[in-house]
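Source file: work06.cif (mmCIF, C-alpha atoms)
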```
data_my_file
loop_
_atom_site.group_PDB
_atom_site.id
_atom_site.type_symbol
_atom_site.label_atom_id
_atom_site.label_comp_id
_atom_site.auth_asym_id
_atom_site.auth_seq_id
_atom_site.Cartn_x
_atom_site.Cartn_y
_atom_site.Cartn_z
ATOM 1 C CA MET E 1 167.915 32.383 170.413
ATOM 2 C CA SER E 2 164.358 31.553 169.297
ATOM 3 C CA ALA E 3 161.290 33.126 170.902
ATOM 4 C CA ALA E 4 159.048 31.186 173.281
ATOM 5 C CA PRO E 5 156.408 29.033 171.564
ATOM 6 C CA LYS E 6 153.200 30.928 170.828
ATOM 7 C CA GLU E 7 149.743 30.098 169.569
ATOM 8 C CA LEU E 8 149.255 30.856 165.886
ATOM 9 C CA ARG E 9 146.705 30.037 163.262
ATOM 10 C CA TYR E 10 147.949 27.922 160.332
ATOM 11 C CA ALA E 11 147.974 30.955 157.986
ATOM 12 C CA GLN E 12 149.822 32.999 160.602
ATOM 13 C CA ALA E 13 152.435 30.248 160.904
ATOM 14 C CA VAL E 14 153.016 30.437 157.144
ATOM 15 C CA SER E 15 153.325 34.210 157.413
ATOM 16 C CA GLN E 16 155.734 33.950 160.363
ATOM 17 C CA ALA E 17 157.926 31.516 158.434
ATOM 18 C CA LEU E 18 158.077 33.931 155.506
ATOM 19 C CA HIS E 19 158.889 36.864 157.797
ATOM 20 C CA ASP E 20 161.655 34.950 159.566
ATOM 21 C CA ALA E 21 163.164 33.536 156.366
ATOM 22 C CA MET E 22 163.225 36.987 154.763
ATOM 23 C CA ALA E 23 164.824 38.486 157.866
ATOM 24 C CA ALA E 24 167.465 35.746 157.902
ATOM 25 C CA ASP E 25 168.348 35.821 154.194
ATOM 26 C CA GLU E 26 168.034 38.856 151.938
ATOM 27 C CA ARG E 27 167.939 36.574 148.895
ATOM 28 C CA VAL E 28 164.412 35.419 149.834
ATOM 29 C CA ILE E 29 161.748 37.261 147.826
ATOM 30 C CA VAL E 30 157.970 36.792 147.522
ATOM 31 C CA LEU E 31 156.032 36.961 144.242
ATOM 32 C CA GLY E 32 152.375 36.441 143.390
ATOM 33 C CA GLU E 33 148.984 37.945 142.657
ATOM 34 C CA ASP E 34 147.924 40.345 145.450
ATOM 35 C CA VAL E 35 150.646 39.148 147.830
ATOM 36 C CA ALA E 36 151.899 42.673 148.629
ATOM 37 C CA ALA E 37 149.428 45.331 149.827
ATOM 38 C CA ALA E 38 146.478 42.912 149.928
ATOM 39 C CA GLY E 39 148.416 40.292 151.895
ATOM 40 C CA GLY E 40 147.361 37.367 149.696
ATOM 41 C CA SER E 41 144.016 35.685 149.086
ATOM 42 C CA PHE E 42 144.148 34.000 152.488
ATOM 43 C CA LYS E 43 146.282 36.695 154.197
ATOM 44 C CA ALA E 44 149.344 34.484 154.545
ATOM 45 C CA THR E 45 151.609 37.265 153.194
ATOM 46 C CA ARG E 46 150.088 40.025 155.319
ATOM 47 C CA GLY E 47 152.680 42.526 156.570
ATOM 48 C CA LEU E 48 155.546 41.314 154.386
ATOM 49 C CA LEU E 49 155.478 44.416 152.174
ATOM 50 C CA GLU E 50 155.678 46.782 155.148
ATOM 51 C CA ALA E 51 158.449 44.747 156.804
ATOM 52 C CA HIS E 52 160.639 43.922 153.821
ATOM 53 C CA GLY E 53 159.837 46.476 151.116
ATOM 54 C CA ALA E 54 158.549 46.531 147.572
ATOM 55 C CA ASP E 55 161.807 45.266 146.078
ATOM 56 C CA ARG E 56 161.324 41.907 147.830
ATOM 57 C CA VAL E 57 157.517 41.556 147.954
ATOM 58 C CA ARG E 58 155.995 42.022 144.533
ATOM 59 C CA ASP E 59 152.522 41.807 143.073
ATOM 60 C CA THR E 60 152.508 40.235 139.645
ATOM 61 C CA PRO E 61 150.183 40.289 136.633
ATOM 62 C CA ILE E 62 147.451 37.642 136.558
ATOM 63 C CA SER E 63 149.561 35.081 134.755
ATOM 64 C CA GLU E 64 150.633 31.968 136.637
ATOM 65 C CA ALA E 65 152.966 30.991 133.813
ATOM 66 C CA SER E 66 154.743 34.347 134.088
ATOM 67 C CA ILE E 67 154.942 34.190 137.903
ATOM 68 C CA VAL E 68 156.610 30.784 137.986
ATOM 69 C CA SER E 69 158.798 31.520 134.959
ATOM 70 C CA ALA E 70 160.061 34.691 136.645
ATOM 71 C CA ALA E 71 160.754 32.713 139.819
ATOM 72 C CA VAL E 72 162.741 30.091 137.902
ATOM 73 C CA GLY E 73 164.857 32.809 136.296
ATOM 74 C CA ALA E 74 165.350 34.619 139.611
ATOM 75 C CA ALA E 75 166.389 31.390 141.316
ATOM 76 C CA LEU E 76 168.932 30.632 138.599
ATOM 77 C CA THR E 77 170.503 34.057 139.179
ATOM 78 C CA GLY E 78 170.956 33.468 142.924
ATOM 79 C CA LEU E 79 167.712 34.572 144.581
ATOM 80 C CA LYS E 80 165.391 32.336 146.621
ATOM 81 C CA PRO E 81 161.873 33.163 145.393
ATOM 82 C CA VAL E 82 158.712 32.041 147.161
ATOM 83 C CA VAL E 83 155.746 32.271 144.812
ATOM 84 C CA GLU E 84 152.076 32.043 145.731
ATOM 85 C CA ILE E 85 149.566 30.466 143.363
ATOM 86 C CA MET E 86 146.104 31.416 144.673
ATOM 87 C CA PHE E 87 144.533 27.976 144.163
ATOM 88 C CA MET E 88 146.262 24.713 143.303
ATOM 89 C CA ASP E 89 143.951 24.350 140.309
ATOM 90 C CA PHE E 90 145.778 27.283 138.661
ATOM 91 C CA ILE E 91 149.093 25.449 138.799
ATOM 92 C CA THR E 92 148.037 23.870 135.510
ATOM 93 C CA LEU E 93 148.841 27.207 133.868
ATOM 94 C CA ALA E 94 152.426 27.102 135.153
ATOM 95 C CA MET E 95 153.317 23.490 134.434
ATOM 96 C CA ASP E 96 155.918 24.193 131.757
ATOM 97 C CA ALA E 97 157.961 26.456 134.018
ATOM 98 C CA LEU E 98 157.567 24.125 136.982
ATOM 99 C CA VAL E 99 157.827 20.685 135.375
ATOM 100 C CA ASN E 100 160.030 21.314 132.337
ATOM 101 C CA GLN E 101 162.303 24.036 133.723
ATOM 102 C CA ALA E 102 162.482 24.147 137.551
ATOM 103 C CA ALA E 103 162.399 20.389 138.071
ATOM 104 C CA LYS E 104 164.972 19.625 135.369
ATOM 105 C CA ALA E 105 167.530 22.391 135.897
ATOM 106 C CA ARG E 106 169.951 20.579 138.213
ATOM 107 C CA PHE E 107 169.935 17.479 135.989
ATOM 108 C CA MET E 108 170.266 19.347 132.681
ATOM 109 C CA PHE E 109 173.063 21.608 133.934
ATOM 110 C CA GLY E 110 175.049 18.678 135.262
ATOM 111 C CA GLY E 111 174.693 19.878 138.830
ATOM 112 C CA GLN E 112 176.167 23.303 138.021
ATOM 113 C CA GLY E 113 172.833 25.083 138.462
ATOM 114 C CA SER E 114 169.727 24.631 140.568
ATOM 115 C CA VAL E 115 166.387 26.319 141.211
ATOM 116 C CA PRO E 116 165.990 27.016 144.957
ATOM 117 C CA MET E 117 162.379 28.193 144.749
ATOM 118 C CA VAL E 118 159.228 27.399 146.717
ATOM 119 C CA LEU E 119 155.779 27.327 145.169
ATOM 120 C CA ARG E 120 153.079 27.788 147.836
ATOM 121 C CA THR E 121 149.542 26.876 146.899
ATOM 122 C CA PRO E 122 146.327 25.839 148.717
ATOM 123 C CA HIS E 123 144.389 22.709 147.767
ATOM 124 C CA GLY E 124 141.268 20.948 148.972
ATOM 125 C CA GLY E 125 137.561 21.486 149.437
ATOM 126 C CA GLY E 126 135.164 22.446 152.172
ATOM 127 C CA LEU E 127 134.460 25.998 150.995
ATOM 128 C CA SER E 128 131.975 25.209 148.207
ATOM 129 C CA ALA E 129 134.518 26.674 145.818
ATOM 130 C CA GLY E 130 133.608 24.320 142.988
ATOM 131 C CA PRO E 131 135.548 21.947 140.757
ATOM 132 C CA GLN E 132 138.072 24.557 139.522
ATOM 133 C CA HIS E 133 139.100 25.759 143.019
ATOM 134 C CA SER E 134 139.049 22.593 145.157
ATOM 135 C CA GLN E 135 141.314 20.045 143.533
ATOM 136 C CA CYS E 136 144.130 18.131 145.229
ATOM 137 C CA LEU E 137 146.717 17.711 142.473
ATOM 138 C CA GLU E 138 149.753 16.776 144.571
ATOM 139 C CA ALA E 139 150.072 13.334 142.946
ATOM 140 C CA TRP E 140 150.753 15.039 139.579
ATOM 141 C CA LEU E 141 153.697 16.894 141.054
ATOM 142 C CA ALA E 142 155.030 14.026 143.168
ATOM 143 C CA HIS E 143 155.288 12.067 139.889
ATOM 144 C CA VAL E 144 157.861 14.517 138.469
ATOM 145 C CA PRO E 145 161.554 13.759 139.153
ATOM 146 C CA GLY E 146 163.218 16.894 140.475
ATOM 147 C CA LEU E 147 160.275 18.251 142.469
ATOM 148 C CA LYS E 148 159.778 17.887 146.202
ATOM 149 C CA VAL E 149 156.213 18.094 147.546
ATOM 150 C CA VAL E 150 155.252 18.727 151.184
ATOM 151 C CA CYS E 151 151.854 19.192 152.844
ATOM 152 C CA PRO E 152 151.670 20.294 156.514
ATOM 153 C CA SER E 153 148.695 19.305 158.667
ATOM 154 C CA ASN E 154 149.153 21.777 161.547
ATOM 155 C CA PRO E 155 150.593 25.235 162.360
ATOM 156 C CA GLN E 156 153.918 23.911 163.708
ATOM 157 C CA ASP E 157 154.621 21.976 160.520
ATOM 158 C CA ALA E 158 153.362 24.887 158.406
ATOM 159 C CA TYR E 159 156.156 26.935 159.985
ATOM 160 C CA SER E 160 158.886 24.306 160.204
ATOM 161 C CA LEU E 161 158.343 22.742 156.783
ATOM 162 C CA LEU E 162 158.176 26.116 155.047
ATOM 163 C CA ARG E 163 161.505 27.126 156.587
ATOM 164 C CA ALA E 164 162.937 23.779 155.410
ATOM 165 C CA ALA E 165 161.483 24.290 151.924
ATOM 166 C CA ILE E 166 163.007 27.769 151.632
ATOM 167 C CA ASP E 167 166.376 26.404 152.765
ATOM 168 C CA ASP E 168 166.248 23.597 150.188
ATOM 169 C CA PRO E 169 168.561 24.037 147.170
ATOM 170 C CA ASP E 170 165.955 22.646 144.748
ATOM 171 C CA PRO E 171 162.297 23.430 143.908
ATOM 172 C CA VAL E 172 159.714 22.533 146.551
ATOM 173 C CA VAL E 173 155.930 22.634 146.137
ATOM 174 C CA PHE E 174 154.430 23.627 149.483
ATOM 175 C CA VAL E 175 150.792 22.507 149.596
ATOM 176 C CA GLU E 176 148.508 24.192 152.133
ATOM 177 C CA HIS E 177 144.877 23.334 152.847
ATOM 178 C CA LYS E 178 142.292 26.106 152.692
ATOM 179 C CA GLY E 179 140.295 24.467 155.455
ATOM 180 C CA LEU E 180 143.270 24.595 157.834
ATOM 181 C CA TYR E 181 144.136 28.294 157.559
ATOM 182 C CA ALA E 182 142.108 29.229 160.646
ATOM 183 C CA ARG E 183 143.229 26.265 162.777
ATOM 184 C CA LYS E 184 145.222 27.212 165.877
ATOM 185 C CA GLY E 185 148.239 25.504 167.401
ATOM 186 C CA MET E 186 151.413 26.184 169.354
ATOM 187 C CA VAL E 187 154.397 27.081 167.182
ATOM 188 C CA ASP E 188 158.036 26.932 168.256
ATOM 189 C CA THR E 189 160.007 28.961 165.723
ATOM 190 C CA GLY E 190 163.174 27.220 166.844
ATOM 191 C CA GLU E 191 161.857 23.823 165.743
ATOM 192 C CA ARG E 192 162.897 22.548 162.330
ATOM 193 C CA ALA E 193 161.406 19.814 160.150
ATOM 194 C CA ALA E 194 163.246 17.700 157.605
ATOM 195 C CA ILE E 195 161.651 17.150 154.221
ATOM 196 C CA GLY E 196 161.037 13.423 153.820
ATOM 197 C CA GLN E 197 160.365 12.624 157.482
ATOM 198 C CA ALA E 198 156.954 11.452 158.659
ATOM 199 C CA ARG E 199 155.645 11.928 162.200
ATOM 200 C CA THR E 200 153.716 9.514 164.401
ATOM 201 C CA VAL E 201 150.814 11.610 165.635
ATOM 202 C CA ARG E 202 149.193 8.869 167.705
ATOM 203 C CA PRO E 203 150.788 5.528 168.609
ATOM 204 C CA GLY E 204 148.773 2.325 168.289
ATOM 205 C CA ARG E 205 149.035 -1.455 167.976
ATOM 206 C CA ASP E 206 146.122 -2.673 165.835
ATOM 207 C CA VAL E 207 146.109 -0.730 162.556
ATOM 208 C CA THR E 208 148.108 2.077 160.909
ATOM 209 C CA LEU E 209 146.351 5.084 159.378
ATOM 210 C CA VAL E 210 148.662 6.864 156.906
ATOM 211 C CA SER E 211 147.656 10.348 155.840
ATOM 212 C CA TYR E 212 148.787 13.943 155.239
ATOM 213 C CA GLY E 213 147.271 17.429 155.283
ATOM 214 C CA ALA E 214 143.698 17.955 156.448
ATOM 215 C CA THR E 215 142.804 14.266 156.619
ATOM 216 C CA VAL E 216 145.286 13.715 159.451
ATOM 217 C CA ALA E 217 142.663 15.292 161.726
ATOM 218 C CA THR E 218 140.036 12.995 160.191
ATOM 219 C CA CYS E 219 142.207 9.987 161.036
ATOM 220 C CA LEU E 220 142.664 11.196 164.617
ATOM 221 C CA GLN E 221 138.906 11.571 164.943
ATOM 222 C CA ALA E 222 138.435 8.016 163.682
ATOM 223 C CA ALA E 223 141.186 6.752 166.016
ATOM 224 C CA GLU E 224 139.371 8.266 169.004
ATOM 225 C CA GLN E 225 136.194 6.385 168.076
ATOM 226 C CA LEU E 226 138.100 3.157 167.478
ATOM 227 C CA ALA E 227 139.716 3.429 170.904
ATOM 228 C CA GLY E 228 136.220 3.309 172.388
ATOM 229 C CA GLU E 229 135.807 -0.047 170.644
ATOM 230 C CA GLY E 230 139.114 -1.374 171.995
ATOM 231 C CA VAL E 231 140.994 -0.833 168.718
ATOM 232 C CA GLU E 232 144.192 1.231 168.973
ATOM 233 C CA ALA E 233 145.002 2.914 165.657
ATOM 234 C CA GLU E 234 148.436 4.386 164.971
ATOM 235 C CA VAL E 235 148.181 7.629 162.981
ATOM 236 C CA LEU E 236 151.128 8.526 160.761
ATOM 237 C CA ASP E 237 151.364 12.005 159.211
ATOM 238 C CA LEU E 238 153.523 11.779 156.093
ATOM 239 C CA ARG E 239 154.137 15.574 156.031
ATOM 240 C CA SER E 240 156.290 15.038 152.939
ATOM 241 C CA ILE E 241 154.765 13.383 149.871
ATOM 242 C CA GLN E 242 157.869 13.446 147.648
ATOM 243 C CA PRO E 243 160.109 12.131 149.039
ATOM 244 C CA TRP E 244 157.869 10.092 151.356
ATOM 245 C CA ASP E 245 159.061 8.305 154.472
ATOM 246 C CA LYS E 246 158.878 4.684 153.359
ATOM 247 C CA ALA E 247 160.892 3.495 156.356
ATOM 248 C CA ALA E 248 158.429 5.036 158.836
ATOM 249 C CA VAL E 249 155.437 3.520 157.020
ATOM 250 C CA LEU E 250 156.972 0.050 156.908
ATOM 251 C CA ALA E 251 158.061 0.290 160.557
ATOM 252 C CA SER E 252 154.524 1.179 161.603
ATOM 253 C CA LEU E 253 153.154 -1.698 159.552
ATOM 254 C CA ALA E 254 155.544 -4.053 161.359
ATOM 255 C CA ARG E 255 153.944 -2.947 164.644
ATOM 256 C CA THR E 256 150.280 -3.106 163.611
ATOM 257 C CA HIS E 257 150.123 -5.507 160.595
ATOM 258 C CA ARG E 258 147.155 -3.638 159.109
ATOM 259 C CA MET E 259 147.047 -0.387 157.155
ATOM 260 C CA VAL E 260 144.616 2.129 155.677
ATOM 261 C CA VAL E 261 145.831 5.078 153.574
ATOM 262 C CA VAL E 262 143.649 8.194 153.742
ATOM 263 C CA HIS E 263 143.791 11.327 151.566
ATOM 264 C CA GLU E 264 141.440 13.935 150.151
ATOM 265 C CA ALA E 265 142.605 13.638 146.553
ATOM 266 C CA VAL E 266 140.752 11.268 144.247
ATOM 267 C CA ARG E 267 141.676 7.634 144.842
ATOM 268 C CA ASP E 268 142.600 6.537 141.303
ATOM 269 C CA PHE E 269 146.346 6.826 140.505
ATOM 270 C CA GLY E 270 146.834 8.812 143.702
ATOM 271 C CA VAL E 271 149.452 9.039 146.457
ATOM 272 C CA GLY E 272 147.752 6.141 148.206
ATOM 273 C CA ALA E 273 148.293 3.890 145.194
ATOM 274 C CA GLU E 274 152.067 4.461 145.411
ATOM 275 C CA ILE E 275 152.108 3.673 149.126
ATOM 276 C CA VAL E 276 149.981 0.546 148.752
ATOM 277 C CA ALA E 277 152.144 -0.747 145.892
ATOM 278 C CA THR E 278 155.310 -0.244 147.964
ATOM 279 C CA VAL E 279 153.811 -1.926 151.012
ATOM 280 C CA MET E 280 152.724 -4.895 148.908
ATOM 281 C CA ALA E 281 156.219 -5.225 147.423
ATOM 282 C CA GLU E 282 158.319 -4.628 150.543
ATOM 283 C CA GLY E 283 156.032 -5.249 153.520
ATOM 284 C CA PHE E 284 153.884 -8.144 152.322
ATOM 285 C CA ASP E 285 155.086 -10.552 155.022
ATOM 286 C CA GLU E 286 153.894 -8.152 157.725
ATOM 287 C CA LEU E 287 150.337 -7.899 156.403
ATOM 288 C CA ASP E 288 147.423 -9.639 158.113
ATOM 289 C CA ALA E 289 144.879 -8.032 155.761
ATOM 290 C CA PRO E 290 144.834 -6.154 152.436
ATOM 291 C CA VAL E 291 145.881 -2.492 152.570
ATOM 292 C CA LEU E 292 142.879 -0.264 151.873
ATOM 293 C CA ARG E 293 142.524 3.296 150.615
ATOM 294 C CA VAL E 294 140.024 5.957 151.668
ATOM 295 C CA ALA E 295 139.934 8.847 149.211
ATOM 296 C CA ALA E 296 137.608 10.984 147.109
ATOM 297 C CA PRO E 297 135.641 9.360 144.294
ATOM 298 C CA PHE E 298 136.991 9.666 140.755
ATOM 299 C CA MET E 299 135.055 12.780 139.747
ATOM 300 C CA PRO E 300 135.461 16.578 139.898
ATOM 301 C CA ALA E 301 134.804 18.233 143.270
ATOM 302 C CA PRO E 302 131.131 19.345 143.390
ATOM 303 C CA PHE E 303 130.114 22.955 143.972
ATOM 304 C CA ALA E 304 126.883 22.373 145.939
ATOM 305 C CA THR E 305 127.551 22.086 149.668
ATOM 306 C CA SER E 306 125.359 19.012 150.023
ATOM 307 C CA LEU E 307 127.192 17.202 147.203
ATOM 308 C CA GLU E 308 130.591 18.358 148.436
ATOM 309 C CA GLN E 309 129.811 16.836 151.836
ATOM 310 C CA GLY E 310 129.233 13.515 150.131
ATOM 311 C CA TYR E 311 132.508 13.885 148.213
ATOM 312 C CA ALA E 312 134.595 14.789 151.271
ATOM 313 C CA ILE E 313 136.439 12.303 153.490
ATOM 314 C CA HIS E 314 134.756 11.801 156.864
ATOM 315 C CA ALA E 315 135.747 9.706 159.855
ATOM 316 C CA ASP E 316 132.934 7.242 159.147
ATOM 317 C CA ALA E 317 134.616 6.183 155.901
ATOM 318 C CA VAL E 318 137.887 5.603 157.756
ATOM 319 C CA LEU E 319 136.101 3.581 160.437
ATOM 320 C CA GLN E 320 134.438 1.426 157.804
ATOM 321 C CA ALA E 321 137.768 0.716 156.107
ATOM 322 C CA VAL E 322 139.491 -0.131 159.379
ATOM 323 C CA ARG E 323 136.730 -2.557 160.332
ATOM 324 C CA GLN E 324 137.240 -4.328 156.984
ATOM 325 C CA THR E 325 140.882 -4.946 157.870
ATOM 326 C CA LEU E 326 140.259 -6.367 161.374
#
```
Would it be possible to restate this file's structure as structure tokens?
Amino acid sequence: MSAAPKELRYAQAVSQALHDAMAADERVIVLGEDVAAAGGSFKATRGLLEAHGADRVRDTPISEASIVSAAVGAALTGLKPVVEIMFMDFITLAMDALVNQAAKARFMFGGQGSVPMVLRTPHGGGLSAGPQHSQCLEAWLAHVPGLKVVCPSNPQDAYSLLRAAIDDPDPVVFVEHKGLYARKGMVDTGERAAIGQARTVRPGRDVTLVSYGATVATCLQAAEQLAGEGVEAEVLDLRSIQPWDKAAVLASLARTHRMVVVHEAVRDFGVGAEIVATVMAEGFDELDAPVLRVAAPFMPAPFATSLEQGYAIHADAVLQAVRQTL
């Protein structure tokens, strides 16, 4: 029987999911730089070493390629590794293990082998961490057959989606947002999420806002302002980027007939482009206006706080896009 829902911060929800998964299945192990005694860069692995021991919670050398390669090998031998990459930017150093090995294993072994691993990594800006610590690279990974990519926007989904990712028989990239780690919310540890299912966060009739991760809150903020103008925006949280919930997006479009896709990653060749292309091909008859995208400009994330504020996605940009569709 699950415990009563309790208030947790986003990082604590990640930690709770790891604790519970490790308690439920001794095959679950945690690997990464400073994940053991230090509890991780953002303290999401705090307490795991004391609770589950050094055999299952291991600090690694500073080598992302080695961390992910070791996880792929461990997964192929029957373990369920969860690796932490400190910043999503550093995933570039582990692309061979992730893209050429983990993603391809089930296909290349004819279904006789798989890589049940989770790669946790934070993306996004807001901390003045500069262009090498603030990128949102999820579109790269969603483009690779064999990888699943999820991105929770709140503590409940941080818990439920991580449990689902650990249970998955194939590799899952679990994208967290640095700016959400301190956010609080009620978490029911008995609630489960399914990878590939979106969630309607706010119902509406006039326009659909499709988003994921930190910009879900931005969309809700914009929806509140639009409601004051008599415009009811429906906010859809994708939660899962690969696979994404095409049916939920098209169903929402059929209710509102207008759509704006919002994400923090750069606009060009991004997740929004895939959604817009699909809507144009399969939902064209429902459209009363062109589908628009609100995303970061095509440039590296700035370091200076003032410039980063101009680069970030604010509710005003969403409002402006919605007004163009009305």
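Between atom CA of E:Thr208 and atom CA of E:Ala13 the interatomic distance comes to 28.5 Å.
Compared by their closest atoms to E:Gly146, and using all atoms listed in the file, the residues E:Lys6, E:Lys43, E:Arg163, E:Lys104 rank with E:Lys104 nearest.
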The PyMOL selection byres ((chain E and resi 75) around 10) - which residues does that actually catch in the file I just gave you? List them as a PDB file with C-alpha atoms, keeping the file's coordinate frame.
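As written to disk, part39.pdb reads:
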```
ATOM      1  CA  ARG E  27     167.939  36.574 148.895  1.00  0.00           C
ATOM      2  CA  VAL E  28     164.412  35.419 149.834  1.00  0.00           C
ATOM      3  CA  ILE E  29     161.748  37.261 147.826  1.00  0.00           C
ATOM      4  CA  SER E  69     158.798  31.520 134.959  1.00  0.00           C
ATOM      5  CA  ALA E  70     160.061  34.691 136.645  1.00  0.00           C
ATOM      6  CA  ALA E  71     160.754  32.713 139.819  1.00  0.00           C
ATOM      7  CA  VAL E  72     162.741  30.091 137.902  1.00  0.00           C
ATOM      8  CA  GLY E  73     164.857  32.809 136.296  1.00  0.00           C
ATOM      9  CA  ALA E  74     165.350  34.619 139.611  1.00  0.00           C
ATOM     10  CA  LEU E  76     168.932  30.632 138.599  1.00  0.00           C
ATOM     11  CA  THR E  77     170.503  34.057 139.179  1.00  0.00           C
ATOM     12  CA  GLY E  78     170.956  33.468 142.924  1.00  0.00           C
ATOM     13  CA  LEU E  79     167.712  34.572 144.581  1.00  0.00           C
ATOM     14  CA  LYS E  80     165.391  32.336 146.621  1.00  0.00           C
ATOM     15  CA  PRO E  81     161.873  33.163 145.393  1.00  0.00           C
ATOM     16  CA  VAL E  82     158.712  32.041 147.161  1.00  0.00           C
ATOM     17  CA  ALA E 102     162.482  24.147 137.551  1.00  0.00           C
ATOM     18  CA  GLY E 113     172.833  25.083 138.462  1.00  0.00           C
ATOM     19  CA  SER E 114     169.727  24.631 140.568  1.00  0.00           C
ATOM     20  CA  VAL E 115     166.387  26.319 141.211  1.00  0.00           C
ATOM     21  CA  PRO E 116     165.990  27.016 144.957  1.00  0.00           C
ATOM     22  CA  MET E 117     162.379  28.193 144.749  1.00  0.00           C
ATOM     23  CA  VAL E 118     159.228  27.399 146.717  1.00  0.00           C
ATOM     24  CA  PRO E 169     168.561  24.037 147.170  1.00  0.00           C
ATOM     25  CA  ASP E 170     165.955  22.646 144.748  1.00  0.00           C
ATOM     26  CA  PRO E 171     162.297  23.430 143.908  1.00  0.00           C
TER      27      PRO E 171
END
```
**Study point:** Residues selected by the PyMOL selection byres ((chain E and resi 270) around 12), written as a PyMOL selection string
**Key:** chain E and resi 136-143+241+261-269+271-277+293-298
Exercise for review: Identify, on the basis of only C-alpha atoms, every residue whose closest approach to E:Pro122 does not exceed 7 Å; exclude the query and any residue fewer than 2 positions from it along the same chain; express the result as a PyMOL selection string.
Suggested key: chain E and resi 86-88+175-178
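With distances restricted to all atoms listed in the file, E:Val173 is the closest residue to E:Thr121 from E:Ala233, E:Val201, E:Ala65, E:Val173.
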Practice item. I need the residue set behind the PyMOL selection byres ((chain E and resi 56) around 12) for this file; please write it as a VMD selection string. Key: chain E and resid 18 to 19 22 to 23 25 to 32 35 to 36 48 to 55 57 to 59 74 79 to 83
Exercise for review: Find the spatial neighbours of E:Leu220, counting all atoms listed in the file, within a cut-off of 12 Å - ignore same-chain residues fewer than 3 positions away - and output them as a PyMOL selection string.
Suggested key: chain E and resi 153+200-204+208-212+214-217+223-227+232-237+262+314-316+318-319
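Atom pair atom CA of E:Pro61 / atom CA of E:Gln101 has a distance of 20.5 Å (rounded to one decimal).
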Study note, to complete from the structure: One residue among E:Val187, E:Ala94, E:Val249, E:Val279 is nearest to E:Arg9 when using all atoms listed in the file, and that residue is E:Val187
Calculate, to one decimal in Å, the centre and edge lengths of the box along x, y and z of the file that holds all listed atoms of stretch 94-104 of chain E with 6 Å of margin on each side, and present them as lines of an AutoDock Vina configuration file.
```
center_x = 158.7
center_y = 23.4
center_z = 134.9
size_x = 24.5
size_y = 19.5
size_z = 18.3
```
Study note, to complete from the structure: atom CA of E:Ala312 to atom CA of E:Leu147 measures 27.4 Å
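Distance annotation: of E:Ala129, E:Cys151, E:Ala165, E:Leu326, the residue with the minimal separation from E:Val231 is E:Leu326; atom set is only C-alpha atoms.
Closest to E:Pro5 among E:Val172, E:Tyr181, E:Gly40, E:Thr189 is E:Thr189, based on all atoms listed in the file.
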